[in-house]
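Take a look at the structure set out below.
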Amino acid sequence: MNKPTLPGPGAGRHETIMVALLSLGFGLVGLDRFIILPLFPVIMRDLQMNYQDLGNLSAALAMAWGLAALTVGGMVDRLGRKAVLVGSLLLVSALSGLSALAGGLFGLLALRALMGVCEGLFTPAGITVATEVSHPDRRGFNLGVQQALFPVLGLALGPLIAVWLLETLHSWRGVFAVVALPGFLLAWLIQRHYRPELGHLPAASSQPAGAPLPWRQLLRLGNIRLNVLLMFCILACQFVLCAMLPNYLTDHLRLSTMEMASVISAIGIGGFIGQLIVPGLSDLYGRKPAVMLSFAASAALVLLLKMAPAQPWLLFILLFGISFFNCSLTCLTVGPLTGESVPAALLPAATGMVVGLGEVLGGGAAPALAGFVATRFGLPAILYVALGGSLGGLALSTRLKGPREEPSSLPIPDEIPPTVRTLPERG
């Protein structure tokens, strides 16, 4: 198979550096987002909150993330990739540190919502840049790497870091202040190294500033409409577990705080390894088989988790498996399945739509629903919400279009303005 020619000297090295920096950036976004979860049993006592408040905090960030992601296409076009990446990462770090000053539920809700807005800007822009700099034969693998540190820093190391800092600083407020610091350094590194002229897709947008995003037309391309629904199902499972399991493990299964943190870390470790394996396999064997297998495995493992006793090693294995498949599904859906459905000029808007609507519905509504279910029917009932997400995704994945289509072969609706009809160049 003939590989496309690199677009210029240094493109291969630039690809490696940018994928690494974007992976670290998304990892820090995950850390800032999820560091609150293992701290919540302490915060709940300090600020007199309940399970519904926990669900609402997760929902506020996710819904703000989603709404911001829906607008990121136009902002990326107007401000540029670098400005959006660097600015949003700086603001995420600052807002995470300011969470240390929250005096009650309202203040914490406001800060988490603002953080969600900034993370919602960073995420589609990061995926877009990773797609642009990646050689087509490495795109699935690179997008897996780009998203792999999100679960590692957010859900694997995050709980352990949170508990260690909590025991060292004796204050959940100090934890927020410390974890905010690395983001400022990383923003400077991205500012220094990003070079838009070295890429495998056109980096500059051809859409005029202020032109309306063709959302209705985007939904008609490839798997975009289906990807939105798949993201809802994926996040309905994954984020319900991320938001509610720390309390499920300590309050229902009576694990200690350190046992809980060790078990929860399986979510991040499984997600990290899964995103390095499954997206790469989908490059070889196809997207649809990888997606269907992952949803089926996730559903089976959630059902086993529902029946599992309070054995930390068993709970670790089950959560490892669930996240192995769920994080891979997220990567496949917002990455290759979306990138291969639209022309290059529409990639920021399409990615923002899939991420945004998925976050609003799955990441926002599902944890709020889980908080209500936990308050009304007890903590074990949250696992039925997660199971429903995986089973729904399995049913929807049977409708994925195949075989895989490249963006250059896809028809573009006539209604899309000519200025956004640019297709990615193939070597």
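Ordered as shown in the structure tokens, chains take letters A, B, and onward, while each chain numbers its residues from 1 and ligands are numbered from 1 in the order shown.
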Residues of segment 298-347 of chain A that approach segment 256-269 of chain A to 7 Å or less, counting only C-alpha atoms: could you list each one with the shortest pair of atoms and its distance in Å to one decimal, rows by chain and increasing residue number, as CSV?
residue,atom,partner,partner_atom,distance
A:Pro312,CA,A:Val263,CA,6.1
A:Leu315,CA,A:Val263,CA,6.4
A:Phe316,CA,A:Val263,CA,4.8
A:Leu319,CA,A:Ile267,CA,5.5
A:Phe320,CA,A:Ala266,CA,4.7
A:Ser323,CA,A:Ile267,CA,5.1
Please, which residues in segment 64-134 of chain A fall within 7 Å of segment 356-366 of chain A when counting only C-alpha atoms, and what is the closest atom pair and distance in Å to one decimal for each, ordered by chain then residue number, as a tab-separated table?
residue	atom	partner	partner_atom	distance
A:Trp65	CA	A:Glu359	CA	6.6
A:Gly66	CA	A:Gly356	CA	3.4
A:Leu67	CA	A:Gly356	CA	5.6
A:Ala68	CA	A:Gly356	CA	6.9
A:Ala69	CA	A:Gly356	CA	4.6
A:Leu70	CA	A:Gly356	CA	5.0
Please write the residues from the selection above to a file, keeping all heavy atoms, as an mmCIF file, in the first residue's frame.
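The resulting file, selection.cif, is shown below:
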data_model
loop_
_atom_site.group_PDB
_atom_site.id
_atom_site.type_symbol
_atom_site.label_atom_id
_atom_site.label_comp_id
_atom_site.auth_asym_id
_atom_site.auth_seq_id
_atom_site.Cartn_x
_atom_site.Cartn_y
_atom_site.Cartn_z
ATOM 1 N N TRP A 65 -19.843 21.855 29.153
ATOM 2 C CA TRP A 65 -18.868 21.303 28.206
ATOM 3 C C TRP A 65 -19.546 21.089 26.855
ATOM 4 O O TRP A 65 -19.043 21.489 25.813
ATOM 5 C CB TRP A 65 -18.334 19.995 28.779
ATOM 6 C CG TRP A 65 -17.331 19.228 27.948
ATOM 7 C CD1 TRP A 65 -17.350 19.020 26.604
ATOM 8 C CD2 TRP A 65 -16.172 18.559 28.440
ATOM 9 N NE1 TRP A 65 -16.278 18.245 26.227
ATOM 10 C CE2 TRP A 65 -15.538 17.946 27.327
ATOM 11 C CE3 TRP A 65 -15.620 18.390 29.712
ATOM 12 C CZ2 TRP A 65 -14.379 17.182 27.459
ATOM 13 C CZ3 TRP A 65 -14.464 17.623 29.833
ATOM 14 C CH2 TRP A 65 -13.849 17.049 28.723
ATOM 15 N N GLY A 66 -20.708 20.438 26.888
ATOM 16 C CA GLY A 66 -21.413 20.123 25.649
ATOM 17 C C GLY A 66 -21.867 21.353 24.898
ATOM 18 O O GLY A 66 -21.692 21.454 23.673
ATOM 19 N N LEU A 67 -22.441 22.315 25.601
ATOM 20 C CA LEU A 67 -22.918 23.531 24.937
ATOM 21 C C LEU A 67 -21.760 24.318 24.334
ATOM 22 O O LEU A 67 -21.883 24.889 23.247
ATOM 23 C CB LEU A 67 -23.692 24.389 25.934
ATOM 24 C CG LEU A 67 -25.024 23.789 26.418
ATOM 25 C CD1 LEU A 67 -25.618 24.644 27.532
ATOM 26 C CD2 LEU A 67 -26.007 23.662 25.260
ATOM 27 N N ALA A 68 -20.619 24.353 25.032
ATOM 28 C CA ALA A 68 -19.450 25.043 24.488
ATOM 29 C C ALA A 68 -18.922 24.316 23.257
ATOM 30 O O ALA A 68 -18.544 24.950 22.268
ATOM 31 C CB ALA A 68 -18.358 25.146 25.549
ATOM 32 N N ALA A 69 -18.890 22.987 23.307
ATOM 33 C CA ALA A 69 -18.384 22.211 22.169
ATOM 34 C C ALA A 69 -19.229 22.436 20.922
ATOM 35 O O ALA A 69 -18.721 22.391 19.797
ATOM 36 C CB ALA A 69 -18.344 20.727 22.525
ATOM 37 N N LEU A 70 -20.515 22.696 21.099
ATOM 38 C CA LEU A 70 -21.390 22.925 19.954
ATOM 39 C C LEU A 70 -21.034 24.200 19.200
ATOM 40 O O LEU A 70 -21.359 24.343 18.020
ATOM 41 C CB LEU A 70 -22.846 23.002 20.421
ATOM 42 C CG LEU A 70 -23.489 21.677 20.828
ATOM 43 C CD1 LEU A 70 -24.852 21.919 21.461
ATOM 44 C CD2 LEU A 70 -23.621 20.747 19.633
#
Option closest in space to Val302 of chain A, from A:Thr333, A:Ser390, A:Ser282, A:Asn56 [counting only C-alpha atoms]: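 Once distances to Val302 of chain A are computed over only C-alpha atoms, the minimum belongs to A:Ser390.
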Using only C-alpha atoms for the distances, tell me which of A:Pro136, A:Gly55, A:Gly87, A:Gly25 is nearest to Cys118 of chain A. A:Gly87
As a ChimeraX atom specification, please: every residue in segment 40-253 of chain A that DSSP puts in alpha helix (DSSP H). /A:40-47,51-79,81-98,105-133,139-151,157-169,172-179,182-193,215-218,224-247
With only C-alpha atoms as the basis for distance, which of A:Asp46, A:Glu119, A:Glu167, A:Glu15 is at the shortest distance from Val145 of chain A?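 Nearest to Val145 of chain A: A:Glu15.
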Residue nearest Phe26 of chain A - candidates A:Ala300, A:Ala177, A:Leu39, A:Ala125, atoms counted: only C-alpha atoms: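 Looking at the shortest contact to Phe26 of chain A, the residue is A:Ala125.
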Compare A:Leu143, A:Leu47, A:Leu318, A:Val334 by their minimum atom-to-atom distance to Asp283 of chain A, counting only C-alpha atoms, and give me the closest one. A:Leu143
Best match for closeness to Leu111 of chain A among A:Ala60, A:Leu89, A:Pro343, A:Phe232, counting only C-alpha atoms: A:Ala60
Set the distance at 8 Å and use only C-alpha atoms: which residues neighbour Leu379 of chain A once local chain neighbours fewer than 5 positions away are removed? I'd like the list as a ChimeraX atom specification. /A:248,252,373-374
Pairwise distance for atom CA of Val86 of chain A and atom CA of Cys327 of chain A, rounded to one decimal in Å: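 Result for atom CA of Val86 of chain A versus atom CA of Cys327 of chain A: 24.6 Å, one decimal.
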Please identify all polymer residues within 12 Å of Lys82 of chain A, counting only C-alpha atoms, omitting same-chain residues fewer than 3 positions from it, and present them as a PyMOL selection string. chain A and resi 18+22+75-79+85-89+121-122+125-126+128-129+187-196+203-204
Show which residues sit within 12 Å of Ile277 of chain A, as an NGL selection string. Count only C-alpha atoms, and ignore same-chain residues fewer than 3 positions away. :A and (140-145 or 148 or 270-274 or 280-284 or 290 or 294 or 324-325 or 327-329 or 331-332)
